[in-house]
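These notes are about the structure you will find just below.
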Amino acid sequence: MAVWDDVVGQERVTAQLAAAARDADALVTAEAEGRAGAPQDRSGTPSPGERGGASQMTHAWLFTGPPGSGRATAARAFAAALQCVSPDRALGGAPGCGFCDGCHTTQVGTHADVEIVRTDLLSIGVKETRDLVRRSSLSPAGGRWQVIVLEDADRLTEGAGNVLLKAVEEPAPRTVWLLCAPSIEDVLPTIRSRCRHLSLRTPPVAAVADVLVRRDGIAPEAADRAARATQGHIGRARRLATDERARARRAAVLKLPLRIDDIGGCLKAAQELIDAAGEDAKQVAEEVDAKETEELRAALGAAAGTGGRLPRGTAGVMKELQDRQKRRATRTQRDSLDLALVDLTGFYRDVLALQMGASVPLANDEVRDSLERIAAGSTPQRTLRRIEAVIACREALDRNVAPLLAVEAMTAALRAG
């Protein structure tokens, strides 16, 4: 299976990346054979003026697209193709076979020359970015490319962005930066101007359902239902199809519009949304925090067991871990709450489709009775105001408004229409 098979519904993007991988492979092969005659720029690739614009390879790429479009998947597939060592390349085969050691180790995250960076915190700071820049200056151990995949480039702080700018502006030879962000505006103008931009679209529902069946072994009916419910979001569709708790949480969110007939119902529904998000954060903490803490204590030489005494001078390291875990819990709660708001927006989108008589598939067809009830008792204008209220709540959470206040304001607006 080629590495591009996981990049769902992005034919134009995969064609561009495949062409770039072929050019990159030709460059590495020529240099290895001592036949690299073209002058090189600092990125290790022939400069545009010297190659007549023929090469598709460059040292920095920016992948943008809506959540669920697969921008990080596309970046990882490209990284694998750059490291491909399949013998078929000598016979005209395209890089990115998916089976060779270079492709396999990149895809599972163990390749020595591929650093995949994702964060479960609210931001990426200067310290982490400096470590990445230091890594990017190293020569590739395998003789091909040093690849840095930054999956959350939109979470770089301003200081971290300025640190990254220098590395992108003056890249080390054979280093490739692959940055991922929801939109081009989420990245500093000085950085994005030095990257080749690839824009991904939301994958078609049918394509997402197909990959769930083919790759994850999900029953076709369940795959289609999950893909339709998430409107083409690959990661959420997979989770919805495989996690019973995710389906239960979504079902509870879809009942909210029927439970806000009075102010008391609005406040109760808001509190339940916040509590559900907090439970998600607590669940992640239970799964990860205890293990991280014990591993750090062992590394610091503490006695076995949670009551073991820490060596002198290590309290600061433990405090740093606790602060990181607290920030991760905040991020998890916010992400869970945002996911519920996305589902709520999809509910009112279906209501609006029914009210306007639009011939489009409903994302939440399993609750058609509720959709028809809300549609019959309202107007398209009120439905649009409700969608705007949900969007306003998401924006308020982005501005760090207290979650309970933001959600209470939203449920009150949903009741008023």
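To be explicit about the labels: the chains of the structure tokens are called A, B, and onward in the order shown, and within each one the residues are counted from 1, while ligands get numbers from 1 in the order they are shown.
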Quiz item: Could you pull the residues within 10 Å of Leu17 of chain A, counting only C-alpha atoms, minus those fewer than 6 positions along the same chain, as a count of residues only?
Solution: 13
Practice problem: Give me the residues within 7 Å of Ala160 of chain A as an MDAnalysis selection string, counting only C-alpha atoms and dropping any in the same chain fewer than 6 places off. | Solution: chainID A and resid 125:126 129
Exercise. Quick one: everything within 12 Å of Pro140 of chain A, counting only C-alpha atoms, minus sequence neighbours fewer than 5 positions away in the same chain. Send it as an NGL selection string.
Key: :A and (28 or 82-83 or 111-115 or 135 or 145-148 or 172-176)
Selection from above, all heavy atoms, as a tab-separated table (two decimals), in the first residue's frame, can you write it?
```
chain	number	residue	atom	x	y	z
A	28	VAL	N	18.93	13.29	-4.49
A	28	VAL	CA	19.73	12.49	-3.56
A	28	VAL	C	20.51	11.41	-4.30
A	28	VAL	O	21.69	11.17	-4.04
A	28	VAL	CB	18.82	11.87	-2.49
A	28	VAL	CG1	19.61	10.89	-1.62
A	28	VAL	CG2	18.20	12.95	-1.62
A	82	LEU	N	9.88	10.93	1.10
A	82	LEU	CA	11.23	11.49	1.04
A	82	LEU	C	12.27	10.50	1.56
A	82	LEU	O	13.44	10.53	1.13
A	82	LEU	CB	11.30	12.79	1.86
A	82	LEU	CG	10.54	13.99	1.30
A	82	LEU	CD1	10.63	15.16	2.28
A	82	LEU	CD2	11.07	14.40	-0.06
A	83	GLN	N	11.87	9.62	2.46
A	83	GLN	CA	12.81	8.66	3.04
A	83	GLN	C	12.74	7.29	2.36
A	83	GLN	O	13.42	6.36	2.80
A	83	GLN	CB	12.51	8.48	4.55
A	83	GLN	CG	12.53	9.77	5.34
A	83	GLN	CD	13.89	10.42	5.43
A	83	GLN	OE1	14.85	9.97	4.82
A	83	GLN	NE2	13.99	11.52	6.18
A	111	HIS	N	11.69	6.58	12.55
A	111	HIS	CA	12.79	6.90	11.65
A	111	HIS	C	13.73	7.91	12.30
A	111	HIS	O	13.28	8.91	12.87
A	111	HIS	CB	12.25	7.46	10.33
A	111	HIS	CG	13.26	7.44	9.22
A	111	HIS	ND1	14.37	8.27	9.21
A	111	HIS	CD2	13.33	6.71	8.08
A	111	HIS	CE1	15.08	8.04	8.11
A	111	HIS	NE2	14.47	7.10	7.42
A	112	ALA	N	15.03	7.65	12.21
A	112	ALA	CA	16.01	8.50	12.89
A	112	ALA	C	16.05	9.92	12.33
A	112	ALA	O	16.46	10.85	13.04
A	112	ALA	CB	17.40	7.87	12.77
A	113	ASP	N	15.64	10.11	11.08
A	113	ASP	CA	15.75	11.42	10.45
A	113	ASP	C	14.40	12.12	10.28
A	113	ASP	O	14.29	13.08	9.52
A	113	ASP	CB	16.40	11.28	9.07
A	113	ASP	CG	17.85	10.84	9.16
A	113	ASP	OD1	18.50	11.23	10.14
A	113	ASP	OD2	18.31	10.10	8.28
A	114	VAL	N	13.37	11.63	10.96
A	114	VAL	CA	12.05	12.25	10.87
A	114	VAL	C	11.57	12.57	12.29
A	114	VAL	O	11.43	11.67	13.12
A	114	VAL	CB	11.03	11.34	10.17
A	114	VAL	CG1	9.66	12.02	10.13
A	114	VAL	CG2	11.49	11.03	8.75
A	115	GLU	N	11.36	13.83	12.57
A	115	GLU	CA	10.86	14.28	13.86
A	115	GLU	C	9.42	14.76	13.67
A	115	GLU	O	9.17	15.73	12.95
A	115	GLU	CB	11.72	15.43	14.40
A	115	GLU	CG	11.29	15.95	15.75
A	115	GLU	CD	11.73	15.04	16.88
A	115	GLU	OE1	12.47	14.07	16.63
A	115	GLU	OE2	11.32	15.30	18.03
A	135	ARG	N	17.77	20.45	16.23
A	135	ARG	CA	17.67	19.15	15.55
A	135	ARG	C	17.76	19.32	14.04
A	135	ARG	O	18.39	18.52	13.33
A	135	ARG	CB	16.34	18.49	15.94
A	135	ARG	CG	15.86	17.33	15.05
A	135	ARG	CD	16.68	16.09	15.28
A	135	ARG	NE	16.29	15.02	14.36
A	135	ARG	CZ	15.45	14.05	14.67
A	135	ARG	NH1	14.90	14.01	15.86
A	135	ARG	NH2	15.16	13.12	13.79
A	145	TRP	N	17.16	12.80	3.88
A	145	TRP	CA	16.65	14.09	4.31
A	145	TRP	C	16.43	14.11	5.81
A	145	TRP	O	16.03	13.10	6.40
A	145	TRP	CB	15.33	14.43	3.61
A	145	TRP	CG	15.43	14.49	2.12
A	145	TRP	CD1	15.19	13.49	1.24
A	145	TRP	CD2	15.84	15.61	1.34
A	145	TRP	NE1	15.42	13.90	-0.04
A	145	TRP	CE2	15.81	15.22	-0.02
A	145	TRP	CE3	16.21	16.92	1.64
A	145	TRP	CZ2	16.15	16.08	-1.06
A	145	TRP	CZ3	16.54	17.78	0.60
A	145	TRP	CH2	16.50	17.36	-0.73
A	146	GLN	N	16.65	15.26	6.42
A	146	GLN	CA	16.25	15.52	7.80
A	146	GLN	C	14.90	16.22	7.73
A	146	GLN	O	14.78	17.33	7.21
A	146	GLN	CB	17.27	16.43	8.49
A	146	GLN	CG	17.00	16.71	9.94
A	146	GLN	CD	17.35	15.54	10.83
A	146	GLN	OE1	16.45	14.97	11.44
A	146	GLN	NE2	18.61	15.18	10.92
A	147	VAL	N	13.85	15.56	8.21
A	147	VAL	CA	12.48	16.06	8.04
A	147	VAL	C	11.88	16.40	9.40
A	147	VAL	O	11.88	15.56	10.30
A	147	VAL	CB	11.58	15.03	7.32
A	147	VAL	CG1	10.21	15.62	7.06
A	147	VAL	CG2	12.23	14.59	6.00
A	148	ILE	N	11.37	17.62	9.53
A	148	ILE	CA	10.69	18.06	10.75
A	148	ILE	C	9.22	18.29	10.40
A	148	ILE	O	8.90	19.18	9.60
A	148	ILE	CB	11.29	19.36	11.32
A	148	ILE	CG1	12.82	19.28	11.38
A	148	ILE	CG2	10.67	19.67	12.67
A	148	ILE	CD1	13.35	18.31	12.37
A	172	ALA	N	19.28	24.36	6.88
A	172	ALA	CA	20.48	23.53	6.72
A	172	ALA	C	20.33	22.66	5.48
A	172	ALA	O	19.21	22.36	5.05
A	172	ALA	CB	20.67	22.66	7.96
A	173	PRO	N	21.44	22.27	4.85
A	173	PRO	CA	21.34	21.38	3.70
A	173	PRO	C	20.61	20.09	4.06
A	173	PRO	O	20.76	19.55	5.15
A	173	PRO	CB	22.82	21.10	3.35
A	173	PRO	CG	23.56	22.26	3.92
A	173	PRO	CD	22.82	22.64	5.16
A	174	ARG	N	19.79	19.63	3.16
A	174	ARG	CA	19.03	18.38	3.30
A	174	ARG	C	18.04	18.41	4.47
A	174	ARG	O	17.69	17.35	5.00
A	174	ARG	CB	19.97	17.20	3.48
A	174	ARG	CG	20.83	16.88	2.28
A	174	ARG	CD	20.00	16.14	1.20
A	174	ARG	NE	20.87	15.69	0.14
A	174	ARG	CZ	21.57	14.57	0.18
A	174	ARG	NH1	21.48	13.79	1.24
A	174	ARG	NH2	22.34	14.23	-0.83
A	175	THR	N	17.59	19.58	4.88
A	175	THR	CA	16.56	19.69	5.91
A	175	THR	C	15.27	20.17	5.27
A	175	THR	O	15.28	21.12	4.48
A	175	THR	CB	16.97	20.65	7.03
A	175	THR	OG1	18.07	20.09	7.75
A	175	THR	CG2	15.83	20.90	8.00
A	176	VAL	N	14.16	19.52	5.61
A	176	VAL	CA	12.85	19.88	5.07
A	176	VAL	C	11.89	20.12	6.24
A	176	VAL	O	11.76	19.26	7.12
A	176	VAL	CB	12.29	18.76	4.16
A	176	VAL	CG1	10.93	19.17	3.59
A	176	VAL	CG2	13.25	18.45	3.03
```
Quiz item: Among segment 340-397 of chain A, which ones does DSSP place in helix (DSSP H, G or I), written as a PyMOL selection string?
Solution: chain A and resi 340-356+365-376+380-397
Self-check item: Thr29 of chain A surroundings by only C-alpha atoms, 12 Å radius, close-in-sequence under 2 positions cut, as a VMD selection string
Solution: chain A and resid 22 to 27 31 to 36 82 to 85 87 89 to 90 95 143 to 145
Exercise. Excluding segment 253-258 of chain A and any residue of its chain fewer than 2 positions from it, enumerate the residues within 9 Å of it, using only C-alpha atoms, and give them as a ChimeraX atom specification.
Key: /A:248-251,260-261,266,269,273,340-341,343-344,347-348,364,367,370,373-374,411,414-415
May I have the selected residues written with N, CA and C atoms, as a PDB file, in the first residue's frame?
```pdb
ATOM      1  N   ALA A 248     -22.015   7.822  22.746  1.00  0.00           N
ATOM      2  CA  ALA A 248     -22.928   8.193  23.826  1.00  0.00           C
ATOM      3  C   ALA A 248     -22.871   9.692  24.104  1.00  0.00           C
ATOM      4  N   ARG A 249     -21.654  10.268  24.102  1.00  0.00           N
ATOM      5  CA  ARG A 249     -21.524  11.711  24.342  1.00  0.00           C
ATOM      6  C   ARG A 249     -22.194  12.513  23.231  1.00  0.00           C
ATOM      7  N   ARG A 250     -22.026  12.049  22.000  1.00  0.00           N
ATOM      8  CA  ARG A 250     -22.644  12.762  20.873  1.00  0.00           C
ATOM      9  C   ARG A 250     -24.168  12.678  20.959  1.00  0.00           C
ATOM     10  N   ALA A 251     -24.688  11.521  21.316  1.00  0.00           N
ATOM     11  CA  ALA A 251     -26.145  11.374  21.451  1.00  0.00           C
ATOM     12  C   ALA A 251     -26.690  12.328  22.506  1.00  0.00           C
ATOM     13  N   ILE A 260     -34.090  22.819  26.384  1.00  0.00           N
ATOM     14  CA  ILE A 260     -33.840  24.202  26.795  1.00  0.00           C
ATOM     15  C   ILE A 260     -35.121  25.034  26.670  1.00  0.00           C
ATOM     16  N   ASP A 261     -36.223  24.465  27.186  1.00  0.00           N
ATOM     17  CA  ASP A 261     -37.503  25.164  27.104  1.00  0.00           C
ATOM     18  C   ASP A 261     -37.603  26.304  28.108  1.00  0.00           C
ATOM     19  N   CYS A 266     -31.800  25.572  30.432  1.00  0.00           N
ATOM     20  CA  CYS A 266     -30.593  26.112  29.791  1.00  0.00           C
ATOM     21  C   CYS A 266     -29.378  25.978  30.706  1.00  0.00           C
ATOM     22  N   ALA A 269     -28.416  22.251  31.141  1.00  0.00           N
ATOM     23  CA  ALA A 269     -27.768  21.704  29.945  1.00  0.00           C
ATOM     24  C   ALA A 269     -26.336  22.218  29.825  1.00  0.00           C
ATOM     25  N   LEU A 273     -22.816  19.946  29.828  1.00  0.00           N
ATOM     26  CA  LEU A 273     -21.780  20.000  28.789  1.00  0.00           C
ATOM     27  C   LEU A 273     -20.398  20.216  29.397  1.00  0.00           C
ATOM     28  N   ALA A 340     -18.266  19.076  21.096  1.00  0.00           N
ATOM     29  CA  ALA A 340     -19.708  19.092  21.345  1.00  0.00           C
ATOM     30  C   ALA A 340     -20.381  20.248  20.607  1.00  0.00           C
ATOM     31  N   LEU A 341     -19.734  21.405  20.563  1.00  0.00           N
ATOM     32  CA  LEU A 341     -20.298  22.558  19.864  1.00  0.00           C
ATOM     33  C   LEU A 341     -20.347  22.325  18.353  1.00  0.00           C
ATOM     34  N   ASP A 343     -20.817  19.380  16.963  1.00  0.00           N
ATOM     35  CA  ASP A 343     -21.975  18.500  16.775  1.00  0.00           C
ATOM     36  C   ASP A 343     -23.276  19.294  16.847  1.00  0.00           C
ATOM     37  N   LEU A 344     -23.325  20.264  17.741  1.00  0.00           N
ATOM     38  CA  LEU A 344     -24.520  21.090  17.884  1.00  0.00           C
ATOM     39  C   LEU A 344     -24.743  21.944  16.632  1.00  0.00           C
ATOM     40  N   PHE A 347     -26.294  19.825  14.056  1.00  0.00           N
ATOM     41  CA  PHE A 347     -27.726  19.606  14.312  1.00  0.00           C
ATOM     42  C   PHE A 347     -28.547  20.738  13.695  1.00  0.00           C
ATOM     43  N   TYR A 348     -28.162  21.977  13.975  1.00  0.00           N
ATOM     44  CA  TYR A 348     -28.938  23.108  13.462  1.00  0.00           C
ATOM     45  C   TYR A 348     -28.743  23.277  11.954  1.00  0.00           C
ATOM     46  N   ASN A 364     -27.290  14.090  10.681  1.00  0.00           N
ATOM     47  CA  ASN A 364     -27.817  13.461  11.890  1.00  0.00           C
ATOM     48  C   ASN A 364     -29.160  12.800  11.613  1.00  0.00           C
ATOM     49  N   VAL A 367     -31.538  11.118  14.242  1.00  0.00           N
ATOM     50  CA  VAL A 367     -32.435  11.883  15.125  1.00  0.00           C
ATOM     51  C   VAL A 367     -33.364  12.753  14.288  1.00  0.00           C
ATOM     52  N   SER A 370     -36.306  14.527  16.024  1.00  0.00           N
ATOM     53  CA  SER A 370     -35.964  15.753  16.748  1.00  0.00           C
ATOM     54  C   SER A 370     -35.725  16.909  15.782  1.00  0.00           C
ATOM     55  N   ARG A 373     -39.037  18.167  14.524  1.00  0.00           N
ATOM     56  CA  ARG A 373     -39.775  18.872  15.586  1.00  0.00           C
ATOM     57  C   ARG A 373     -39.256  20.292  15.749  1.00  0.00           C
ATOM     58  N   ILE A 374     -37.928  20.449  15.796  1.00  0.00           N
ATOM     59  CA  ILE A 374     -37.347  21.785  15.924  1.00  0.00           C
ATOM     60  C   ILE A 374     -37.628  22.614  14.666  1.00  0.00           C
ATOM     61  N   THR A 411     -26.658  28.620  25.553  1.00  0.00           N
ATOM     62  CA  THR A 411     -27.919  27.895  25.686  1.00  0.00           C
ATOM     63  C   THR A 411     -29.093  28.868  25.848  1.00  0.00           C
ATOM     64  N   LEU A 414     -29.839  30.004  22.404  1.00  0.00           N
ATOM     65  CA  LEU A 414     -30.518  28.955  21.653  1.00  0.00           C
ATOM     66  C   LEU A 414     -32.011  28.908  22.007  1.00  0.00           C
ATOM     67  N   ARG A 415     -32.326  29.104  23.277  1.00  0.00           N
ATOM     68  CA  ARG A 415     -33.721  29.105  23.697  1.00  0.00           C
ATOM     69  C   ARG A 415     -34.483  30.287  23.087  1.00  0.00           C
TER      70      ARG A 415
END
```
Can you tell me, as a compact mmCIF listing (two decimals) with all heavy atoms, in the first residue's frame, what residues are no more than 8 Å from Leu212 of chain A when counting only C-alpha atoms, ignoring any on the same chain fewer than 6 positions away?
```txt
# COMPACT_ATOMS: atom_id res chain seq x y z
N ILE A 218 -14.13 -1.47 9.56
CA ILE A 218 -15.45 -1.11 10.10
C ILE A 218 -16.53 -1.52 9.10
O ILE A 218 -16.34 -1.43 7.89
CB ILE A 218 -15.50 0.40 10.38
CG1 ILE A 218 -14.47 0.76 11.46
CG2 ILE A 218 -16.89 0.85 10.80
CD1 ILE A 218 -14.23 2.23 11.63
N ALA A 223 -19.58 2.68 8.99
CA ALA A 223 -18.61 3.63 8.44
C ALA A 223 -19.32 4.79 7.75
O ALA A 223 -18.95 5.95 7.92
CB ALA A 223 -17.68 2.92 7.46
N ARG A 238 -13.46 8.08 12.62
CA ARG A 238 -12.88 6.83 13.12
C ARG A 238 -13.21 6.65 14.61
O ARG A 238 -13.56 5.56 15.05
CB ARG A 238 -11.37 6.83 12.91
CG ARG A 238 -10.70 5.54 13.39
CD ARG A 238 -9.21 5.52 13.14
NE ARG A 238 -8.92 5.56 11.71
CZ ARG A 238 -8.39 6.61 11.07
NH1 ARG A 238 -8.08 7.70 11.76
NH2 ARG A 238 -8.15 6.57 9.78
```
Quiz item: So what do you get for atom CA of Leu339 of chain A versus atom CA of Ala241 of chain A, distance-wise?
Solution: 15.5 Å
